[in-house]
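First comes the structure, then the notes that go with it.
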Amino acid sequence: MSRDNRVTPNPAVYPHRQFVPTRFSDLDTLGHVNNVALARIFEDARYRFLCDIGISQNDGRGGTTFLDDARLVTVAANYEYFAECFHPDDIEMLSGGSRLGRSSWEISQLALQHGRPVSRCTATLVATDEDGAVPIGDSFRATAEAAMLANQA
């Protein structure tokens, strides 16, 4: 894969899109959205993605429930930064599954501002119970498979 393909991935392969507002408090002293704030935006967008596709939902008591009673834990997240992004402009967050394992699901996300890639995140989530990793259930797997990146299906 050429460097250009890694830096400017094709937004069309992501099945989920949402716009996330930036906040004034996201800015650093240079006047752009700082990397820690962008990591929070990725995390929030990942949760909304899981809710929108039906993997998770708010239980009404401040908690979250998951399909097949899986409890998802983020075990790794890798961030790449391509360009600065600025407040008050929204960030378009694109999300989709990129790998589905026995007990883990990798989610890839791309952040755009004004149609330009500014950052990318790949996060690995693992289904767990109180004893550790558990296999992903059938309903979860079917839902996750329907939300994979177009070139990963």
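Ordering of the structure tokens sets the chain letters (A, B, ...); residue numbers start at 1 within each chain; ligands are numbered from 1 in the order shown.
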- Message: Using DSSP assignments from the backbone, pull out every residue in range 19-138 of chain A that falls under strand (DSSP E or B) and give it to me as a VMD selection string.
- Response: chain A and resid 19 to 20 27 33 56 to 58 64 to 66 71 to 81 91 to 100 104 to 113 116 to 129 132 to 133
- Query: Using only C-alpha atoms, which residue out of A:Ala37, A:Ile55, A:Val73, A:Ala150 lies closest to Val20 in chain A?
  - Reply: A:Ala37
- May I ask which of the residues A:Asp68, A:Glu80, A:Asp59, A:Asp138 is the closest one to Ser108 in chain A, counting only C-alpha atoms?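 Smallest distance to Ser108 in chain A is found for A:Glu80.
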- Message: Show me, as a list of chain:residue names, the residues that have an atom within 12 Å of Asp89 in chain A when counting only C-alpha atoms, minus same-chain residues fewer than 6 positions from it.
- Response: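 In the requested format, the answer is A:Phe19, A:Val20, A:Pro21, A:Thr22, A:Arg23, A:Phe24, A:Asp26, A:Leu27, A:His32, A:Val33, A:Leu112, A:Gln113, A:His114, A:Gly115.
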Using the selection just defined, write its residues with all heavy atoms as an mmCIF file, in the first residue's frame.
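Writing the result to out_16.cif gives the following:
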data_model
loop_
_atom_site.group_PDB
_atom_site.id
_atom_site.type_symbol
_atom_site.label_atom_id
_atom_site.label_comp_id
_atom_site.auth_asym_id
_atom_site.auth_seq_id
_atom_site.Cartn_x
_atom_site.Cartn_y
_atom_site.Cartn_z
ATOM 1 N N PHE A 19 -21.664 13.432 12.298
ATOM 2 C CA PHE A 19 -20.957 14.691 12.507
ATOM 3 C C PHE A 19 -20.865 14.953 13.998
ATOM 4 O O PHE A 19 -21.852 14.814 14.722
ATOM 5 C CB PHE A 19 -21.663 15.846 11.789
ATOM 6 C CG PHE A 19 -21.443 15.810 10.313
ATOM 7 C CD1 PHE A 19 -22.313 15.099 9.493
ATOM 8 C CD2 PHE A 19 -20.361 16.449 9.739
ATOM 9 C CE1 PHE A 19 -22.103 15.042 8.118
ATOM 10 C CE2 PHE A 19 -20.148 16.394 8.374
ATOM 11 C CZ PHE A 19 -21.027 15.694 7.559
ATOM 12 N N VAL A 20 -19.672 15.306 14.445
ATOM 13 C CA VAL A 20 -19.415 15.564 15.857
ATOM 14 C C VAL A 20 -18.939 17.008 15.982
ATOM 15 O O VAL A 20 -17.972 17.398 15.317
ATOM 16 C CB VAL A 20 -18.347 14.601 16.412
ATOM 17 C CG1 VAL A 20 -18.065 14.887 17.880
ATOM 18 C CG2 VAL A 20 -18.772 13.152 16.203
ATOM 19 N N PRO A 21 -19.592 17.799 16.837
ATOM 20 C CA PRO A 21 -19.140 19.184 17.005
ATOM 21 C C PRO A 21 -17.836 19.233 17.801
ATOM 22 O O PRO A 21 -17.601 18.402 18.675
ATOM 23 C CB PRO A 21 -20.280 19.848 17.784
ATOM 24 C CG PRO A 21 -20.983 18.724 18.461
ATOM 25 C CD PRO A 21 -20.786 17.509 17.613
ATOM 26 N N THR A 22 -17.006 20.195 17.464
ATOM 27 C CA THR A 22 -15.836 20.462 18.288
ATOM 28 C C THR A 22 -16.241 21.453 19.372
ATOM 29 O O THR A 22 -17.261 22.122 19.260
ATOM 30 C CB THR A 22 -14.684 21.041 17.451
ATOM 31 O OG1 THR A 22 -15.129 22.242 16.819
ATOM 32 C CG2 THR A 22 -14.207 20.045 16.399
ATOM 33 N N ARG A 23 -15.438 21.518 20.425
ATOM 34 C CA ARG A 23 -15.717 22.433 21.527
ATOM 35 C C ARG A 23 -14.537 23.392 21.695
ATOM 36 O O ARG A 23 -13.390 23.032 21.388
ATOM 37 C CB ARG A 23 -15.913 21.663 22.834
ATOM 38 C CG ARG A 23 -16.986 20.607 22.763
ATOM 39 C CD ARG A 23 -17.055 19.799 24.025
ATOM 40 N NE ARG A 23 -15.725 19.287 24.383
ATOM 41 C CZ ARG A 23 -15.474 18.526 25.434
ATOM 42 N NH1 ARG A 23 -16.447 18.190 26.251
ATOM 43 N NH2 ARG A 23 -14.270 18.093 25.697
ATOM 44 N N PHE A 24 -14.818 24.565 22.194
ATOM 45 C CA PHE A 24 -13.743 25.518 22.461
ATOM 46 C C PHE A 24 -12.716 24.904 23.404
ATOM 47 O O PHE A 24 -11.510 25.092 23.243
ATOM 48 C CB PHE A 24 -14.306 26.817 23.052
ATOM 49 C CG PHE A 24 -13.240 27.819 23.368
ATOM 50 C CD1 PHE A 24 -12.661 28.579 22.357
ATOM 51 C CD2 PHE A 24 -12.804 27.998 24.665
ATOM 52 C CE1 PHE A 24 -11.664 29.497 22.632
ATOM 53 C CE2 PHE A 24 -11.809 28.912 24.960
ATOM 54 C CZ PHE A 24 -11.234 29.668 23.943
ATOM 55 N N ASP A 26 -11.654 22.025 23.430
ATOM 56 C CA ASP A 26 -10.815 21.063 22.712
ATOM 57 C C ASP A 26 -9.519 21.682 22.198
ATOM 58 O O ASP A 26 -8.614 20.969 21.771
ATOM 59 C CB ASP A 26 -11.558 20.486 21.499
ATOM 60 C CG ASP A 26 -12.743 19.617 21.872
ATOM 61 O OD1 ASP A 26 -12.781 19.092 22.997
ATOM 62 O OD2 ASP A 26 -13.637 19.473 21.018
ATOM 63 N N LEU A 27 -9.442 23.019 22.201
ATOM 64 C CA LEU A 27 -8.308 23.708 21.592
ATOM 65 C C LEU A 27 -7.073 23.682 22.473
ATOM 66 O O LEU A 27 -7.154 23.727 23.694
ATOM 67 C CB LEU A 27 -8.671 25.159 21.286
ATOM 68 C CG LEU A 27 -9.833 25.370 20.318
ATOM 69 C CD1 LEU A 27 -10.076 26.858 20.118
ATOM 70 C CD2 LEU A 27 -9.570 24.671 19.000
ATOM 71 N N HIS A 32 -5.643 24.812 17.602
ATOM 72 C CA HIS A 32 -6.287 23.707 16.890
ATOM 73 C C HIS A 32 -6.721 22.643 17.896
ATOM 74 O O HIS A 32 -6.292 22.643 19.050
ATOM 75 C CB HIS A 32 -5.385 23.148 15.782
ATOM 76 C CG HIS A 32 -4.110 22.526 16.247
ATOM 77 N ND1 HIS A 32 -3.017 23.256 16.654
ATOM 78 C CD2 HIS A 32 -3.753 21.239 16.364
ATOM 79 C CE1 HIS A 32 -2.043 22.452 16.988
ATOM 80 N NE2 HIS A 32 -2.461 21.213 16.836
ATOM 81 N N VAL A 33 -7.615 21.755 17.460
ATOM 82 C CA VAL A 33 -8.113 20.693 18.318
ATOM 83 C C VAL A 33 -6.933 19.795 18.697
ATOM 84 O O VAL A 33 -6.229 19.284 17.818
ATOM 85 C CB VAL A 33 -9.225 19.887 17.611
ATOM 86 C CG1 VAL A 33 -9.670 18.699 18.460
ATOM 87 C CG2 VAL A 33 -10.416 20.795 17.279
ATOM 88 N N LEU A 112 -12.767 13.421 9.266
ATOM 89 C CA LEU A 112 -12.639 14.384 8.169
ATOM 90 C C LEU A 112 -13.096 15.753 8.665
ATOM 91 O O LEU A 112 -14.020 15.843 9.476
ATOM 92 C CB LEU A 112 -13.521 13.990 6.988
ATOM 93 C CG LEU A 112 -13.375 12.596 6.398
ATOM 94 C CD1 LEU A 112 -14.499 12.330 5.407
ATOM 95 C CD2 LEU A 112 -12.038 12.453 5.720
ATOM 96 N N GLN A 113 -12.464 16.772 8.148
ATOM 97 C CA GLN A 113 -12.973 18.120 8.367
ATOM 98 C C GLN A 113 -12.931 18.820 7.017
ATOM 99 O O GLN A 113 -11.878 18.852 6.373
ATOM 100 C CB GLN A 113 -12.149 18.875 9.412
ATOM 101 C CG GLN A 113 -12.893 20.071 9.982
ATOM 102 C CD GLN A 113 -12.196 20.679 11.174
ATOM 103 O OE1 GLN A 113 -11.001 20.951 11.123
ATOM 104 N NE2 GLN A 113 -12.939 20.917 12.244
ATOM 105 N N HIS A 114 -14.083 19.299 6.590
ATOM 106 C CA HIS A 114 -14.243 19.886 5.250
ATOM 107 C C HIS A 114 -13.821 18.897 4.170
ATOM 108 O O HIS A 114 -13.224 19.266 3.164
ATOM 109 C CB HIS A 114 -13.454 21.191 5.134
ATOM 110 C CG HIS A 114 -13.846 22.213 6.146
ATOM 111 N ND1 HIS A 114 -15.064 22.847 6.122
ATOM 112 C CD2 HIS A 114 -13.187 22.674 7.235
ATOM 113 C CE1 HIS A 114 -15.137 23.672 7.149
ATOM 114 N NE2 HIS A 114 -14.027 23.582 7.852
ATOM 115 N N GLY A 115 -14.140 17.616 4.385
ATOM 116 C CA GLY A 115 -13.845 16.572 3.416
ATOM 117 C C GLY A 115 -12.404 16.121 3.375
ATOM 118 O O GLY A 115 -12.053 15.233 2.607
#
- Can you tell me, as a VMD selection string, what residues are no more than 9 Å from Leu72 in chain A when counting only C-alpha atoms, ignoring any on the same chain fewer than 4 positions away? chain A and resid 66 104 125 to 129
- Asn34 in chain A: which residues within 10 Å, counting only C-alpha atoms, same-chain residues fewer than 4 positions away excluded, as a PyMOL selection string? chain A and resi 25-30+38-39+84-86
- Query: Nearest to Ile91 in chain A among A:Ile41, A:Val13, A:Cys51, A:Leu149, with distances taken over only C-alpha atoms: which residue is it?
  - Reply: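 Of the candidates, the smallest distance to Ile91 in chain A is held by A:Ile41.
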- Contacts of Phe49 in chain A within 8 Å, only C-alpha atoms, excl. fewer than 4 positions in-chain, as a list in words: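 So, after excluding close chain neighbours, the residues are His16, Ala45, Ile53 and Ser95 of chain A.
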With N, CA and C atoms retained, export the selected residues as a compact mmCIF listing (two decimals), in the first residue's frame.
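Wrote it out as result24.txt, contents follow:
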# COMPACT_ATOMS: atom_id res chain seq x y z
N HIS A 16 -20.69 3.84 8.21
CA HIS A 16 -21.36 4.70 9.19
C HIS A 16 -20.74 6.09 9.19
N ALA A 45 -17.55 8.82 19.15
CA ALA A 45 -18.09 8.39 17.86
C ALA A 45 -18.18 6.87 17.78
N ILE A 53 -25.81 0.93 15.23
CA ILE A 53 -25.96 -0.35 14.53
C ILE A 53 -26.63 -1.42 15.38
N SER A 95 -16.99 5.35 10.45
CA SER A 95 -16.65 4.16 11.25
C SER A 95 -17.09 2.90 10.54
- Message: If we count only C-alpha atoms and set the cut-off at 10 Å, which residues sit around Arg46 in chain A, ignoring sequence neighbours fewer than 3 positions away in its own chain? Please answer as a list in words.
- Response: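 The neighbour list is Arg40, Ile41, Phe42, Glu43, Phe49, Leu50, Cys51, Asp52, Met93, Leu94, Ser95, Gly96, Ile107, Ser108, Gln109, Cys121 and Ala123 of chain A.
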- Gap from CA of Gly54 in chain A to CA of Glu130 in chain A - Å, one decimal: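 Separation between CA of Gly54 in chain A and CA of Glu130 in chain A: 22.8 Å.
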